[in-house]
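Shown here: model.cif, mmCIF, C-alpha atoms.
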```cif
data_query
loop_
_atom_site.label_atom_id
_atom_site.label_comp_id
_atom_site.auth_asym_id
_atom_site.auth_seq_id
_atom_site.Cartn_x
_atom_site.Cartn_y
_atom_site.Cartn_z
CA MET A 1 13.93 29.82 -62.00
CA ALA A 2 16.47 32.54 -62.82
CA PRO A 3 17.10 35.30 -60.24
CA VAL A 4 15.53 38.69 -60.93
CA PRO A 5 18.10 41.25 -62.12
CA ARG A 6 18.80 43.94 -59.54
CA GLN A 7 17.80 46.79 -61.85
CA LEU A 8 14.46 45.17 -62.62
CA ALA A 9 13.73 44.67 -58.93
CA LEU A 10 14.55 48.32 -58.23
CA PHE A 11 12.32 49.44 -61.10
CA ALA A 12 9.43 47.34 -59.81
CA LEU A 13 9.84 48.66 -56.28
CA LEU A 14 9.96 52.32 -57.31
CA PHE A 15 7.42 52.48 -60.10
CA ILE A 16 4.98 49.63 -59.71
CA GLY A 17 4.86 49.45 -55.92
CA GLY A 18 4.62 53.23 -55.59
CA CYS A 19 1.32 53.34 -57.46
CA SER A 20 -0.52 51.54 -54.67
CA ILE A 21 0.53 53.84 -51.82
CA PRO A 22 -2.45 55.80 -50.45
CA LEU A 23 -2.09 59.58 -50.74
CA GLU A 24 -2.08 60.01 -46.98
CA ASP A 25 0.95 57.72 -46.76
CA ALA A 26 2.78 59.42 -49.61
CA GLY A 27 3.91 62.25 -47.32
CA GLN A 28 1.78 65.07 -48.65
CA SER A 29 2.02 68.47 -47.08
CA ARG A 30 -1.24 69.28 -45.37
CA VAL A 31 -2.80 71.67 -42.92
CA ASP A 32 -6.17 72.10 -41.22
CA VAL A 33 -7.66 75.59 -41.15
CA VAL A 34 -10.96 77.00 -39.91
CA GLY A 35 -12.66 78.82 -42.76
CA ASP A 36 -15.77 79.22 -44.87
CA TRP A 37 -16.35 76.39 -47.35
CA ASP A 38 -17.87 78.92 -49.77
CA ASP A 39 -14.47 80.67 -49.99
CA VAL A 40 -12.48 77.63 -51.06
CA SER A 41 -12.58 78.44 -54.79
CA ALA A 42 -11.38 82.00 -54.20
CA ALA A 43 -8.61 80.80 -51.89
CA LEU A 44 -7.51 78.20 -54.43
CA ALA A 45 -7.38 80.81 -57.20
CA VAL A 46 -5.02 82.95 -55.11
CA GLY A 47 -2.87 80.03 -53.95
CA LEU A 48 -2.52 78.50 -57.39
CA GLY A 49 -1.69 81.89 -58.89
CA LYS A 50 1.07 82.53 -56.36
CA LEU A 51 2.82 79.31 -57.40
CA ASN A 52 2.05 79.59 -61.14
CA LEU A 53 -0.05 76.43 -61.22
CA ALA A 54 -2.88 75.65 -63.62
CA VAL A 55 -5.83 73.29 -63.17
CA VAL A 56 -5.88 70.35 -65.60
CA ASP A 57 -8.75 68.36 -64.16
CA GLY A 58 -10.94 68.32 -61.08
CA THR A 59 -13.42 66.27 -59.15
CA PHE A 60 -15.99 67.68 -56.77
CA ASP A 61 -18.49 66.43 -54.27
CA GLN A 62 -20.32 67.97 -51.37
CA ASN A 63 -17.37 67.93 -48.94
CA GLN A 64 -14.26 67.55 -51.10
CA LEU A 65 -12.53 69.14 -54.08
CA SER A 66 -9.56 67.54 -55.79
CA TYR A 67 -7.59 69.14 -58.61
CA ALA A 68 -4.90 67.79 -60.90
CA LEU A 69 -2.45 70.62 -61.56
CA VAL A 70 0.60 71.43 -63.68
CA ASP A 71 3.27 74.06 -63.19
CA VAL A 72 4.98 76.14 -65.88
CA LEU A 73 7.47 73.31 -66.51
CA ASP A 74 4.56 70.86 -67.03
CA ARG A 75 5.29 69.03 -63.75
CA PRO A 76 2.16 67.44 -62.28
CA ALA A 77 0.79 68.23 -58.85
CA GLN A 78 -2.39 67.61 -56.92
CA ILE A 79 -4.33 69.55 -54.32
CA ARG A 80 -7.20 68.22 -52.26
CA VAL A 81 -9.48 70.31 -50.06
CA THR A 82 -11.79 68.48 -47.66
CA LYS A 83 -14.46 69.80 -45.30
CA LEU A 84 -13.99 67.83 -42.08
CA ASP A 85 -16.89 66.56 -40.01
CA PRO A 86 -17.04 68.05 -36.49
CA ALA A 87 -17.92 64.54 -35.27
CA GLN A 88 -14.22 63.74 -35.89
CA GLY A 89 -13.32 65.99 -32.97
CA VAL A 90 -12.35 69.06 -34.98
CA PRO A 91 -13.84 72.57 -34.71
CA VAL A 92 -16.83 73.46 -36.87
CA ASP A 93 -15.82 74.73 -40.36
CA THR A 94 -12.45 72.96 -40.31
CA ILE A 95 -11.05 72.48 -43.79
CA ARG A 96 -8.09 70.19 -44.59
CA ILE A 97 -5.80 71.24 -47.43
CA SER A 98 -3.27 68.75 -48.77
CA ALA A 99 -0.94 69.02 -51.75
CA SER A 100 1.68 66.96 -53.49
CA PHE A 101 3.93 67.35 -56.48
CA THR A 102 3.44 63.91 -57.86
CA ARG A 103 6.40 63.22 -60.15
CA TYR A 104 9.18 65.31 -58.60
CA ARG A 105 8.61 65.61 -54.88
CA ASP A 106 9.07 69.23 -53.82
CA LYS A 107 8.19 69.57 -50.15
CA ASP A 108 8.94 73.30 -50.09
CA ARG A 109 6.52 74.07 -52.93
CA GLU A 110 3.90 71.78 -51.38
CA ARG A 111 4.15 73.70 -48.11
CA LEU A 112 4.00 77.04 -49.93
CA LEU A 113 0.88 76.00 -51.83
CA VAL A 114 -0.91 74.70 -48.75
CA ALA A 115 0.10 77.80 -46.76
CA ALA A 116 -1.07 80.20 -49.50
CA VAL A 117 -4.51 78.59 -49.73
CA ALA A 118 -4.83 78.36 -45.92
CA GLN A 119 -3.80 82.00 -45.48
CA ARG A 120 -6.37 83.17 -48.01
CA LEU A 121 -9.10 81.10 -46.35
CA ALA A 122 -8.23 82.68 -43.02
CA GLU A 123 -8.31 86.18 -44.56
CA LEU A 124 -11.77 85.53 -46.04
CA ARG A 125 -13.30 83.96 -42.94
CA GLY A 126 -16.40 85.85 -41.84
CA VAL A 127 -16.07 88.64 -44.45
CA ASP A 128 -17.49 89.17 -47.93
CA ILE A 129 -14.29 90.53 -49.46
CA ALA A 130 -10.65 90.99 -48.48
CA PRO A 131 -7.67 92.43 -50.36
CA VAL A 132 -5.19 89.94 -51.79
CA ARG A 133 -1.84 90.32 -50.09
#
```
Whole structure, structure tokens version:
Amino acid sequence: MAPVPRQLALFALLFIGGCSIPLEDAGQSRVDVVGDWDDVSAALAVGLGKLNLAVVDGTFDQNQLSYALVDVLDRPAQIRVTKLDPAQGVPVDTIRISASFTRYRDKDRERLLVAAVAQRLAELRGVDIAPVR
């Protein structure tokens, strides 16, 4: 059997092997914040707007929202918002926000996106309206 060329092995490692890595292991930026689940859509609208991101697709269930995003240069990203169960040892109304720029890893933009959504959730907690800052 002939040895595998080095370039082919590198390609397989980077592109094929990378597809099976769970999102939690992919090094996403994430933060937990206490907020109102009903305010998640409003917080996402503000956070996505601050980073010039658009929603391409989304999935929803009772305790989780996940959006596929693109930026103005058509680079893909993803944001996931999950309502955590207090039985996991977290305060009531804890919401986990995680984001990743999937093709070109940009940790700074991931952190900015997560922080913008978390900040807006905190501003809206316990109130009906709040000015966008």
Counting only C-alpha atoms, what are the residues of segment 16-110 of chain A within 8 Å of segment 122-127 of chain A, and for each of them which pair of atoms is the nearest and at what distance in Å, to one decimal? Sort the table by chain and rising number, as CSV.
```
residue,atom,partner,partner_atom,distance
A:Val33,CA,A:Ala122,CA,7.4
A:Val34,CA,A:Ala122,CA,7.0
A:Gly35,CA,A:Arg125,CA,5.2
A:Asp36,CA,A:Arg125,CA,5.7
A:Asp39,CA,A:Leu124,CA,6.8
```
* Can you list, as number ranges by chain, every protein, DNA or RNA residue that comes within 8 Å of segment 93-99 of chain A when you count all atoms listed in the file, leaving out same-chain residues fewer than 6 positions away? -> A: 28-37, 77-86, 110-111, 113-114, 117-118
* Nearest candidate to Tyr67 of chain A (options A:Ala87, A:Leu51, A:Val132, A:Leu44; using all atoms listed in the file) ->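 Result for the nearest residue to Tyr67 of chain A: A:Leu44.
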Mind working out the centre and edge lengths of an axis-aligned box for segment 28-32 of chain A, all listed atoms inside, 6 Å added to each side, rounded to one decimal in Å and written as lines of an AutoDock Vina configuration file?
```
center_x = -2.1
center_y = 68.6
center_z = -44.9
size_x = 20.2
size_y = 19.0
size_z = 19.4
```
* **Long-range neighbours of Arg103 of chain A as a VMD selection string, 9 Å cut-off, all atoms listed in the file, 3 positions minimum in chain** => chain A and resid 75 to 77 100
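This file, queried with the PyMOL selection byres ((chain A and resi 47) around 9), gives the residues A:Ala42, A:Ala43, A:Leu44, A:Ala45, A:Val46, A:Leu48, A:Gly49, A:Lys50, A:Leu51, A:Asn52, A:Leu53, A:Leu112, A:Leu113, A:Val114, A:Ala115, A:Ala116, A:Val117, A:Ala118, A:Gln119, A:Arg120.
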Ground truth for the PyMOL selection byres ((chain A and resi 57) around 8), written as a short mmCIF file (atom, residue, chain, number, x, y, z; two decimals) with C-alpha atoms, in the coordinates of the input:
```cif
data_model
loop_
_atom_site.label_atom_id
_atom_site.label_comp_id
_atom_site.auth_asym_id
_atom_site.auth_seq_id
_atom_site.Cartn_x
_atom_site.Cartn_y
_atom_site.Cartn_z
CA VAL A 55 -5.83 73.29 -63.17
CA VAL A 56 -5.88 70.35 -65.60
CA GLY A 58 -10.94 68.32 -61.08
CA THR A 59 -13.42 66.27 -59.15
CA TYR A 67 -7.59 69.14 -58.61
CA ALA A 68 -4.90 67.79 -60.90
CA LEU A 69 -2.45 70.62 -61.56
#
```
* Mind giving me the straight-line distance from atom CA of Asp128 of chain A to atom CA of Ala54 of chain A in Å, one decimal? =>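 Here the two named atoms are 25.3 Å from each other.
Between atom CA of Gln88 of chain A and atom CA of Asp61 of chain A lies a distance of 19.1 Å.
Our summary of the geometry notes that atom CA of Arg109 of chain A is positioned 17.6 Å from atom CA of Ser66 of chain A.
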* Structure fact -> Counting only C-alpha atoms, the residue among A:Val40, A:Ala130, A:Leu73, A:Leu121 that lies closest to Tyr104 of chain A is A:Leu73
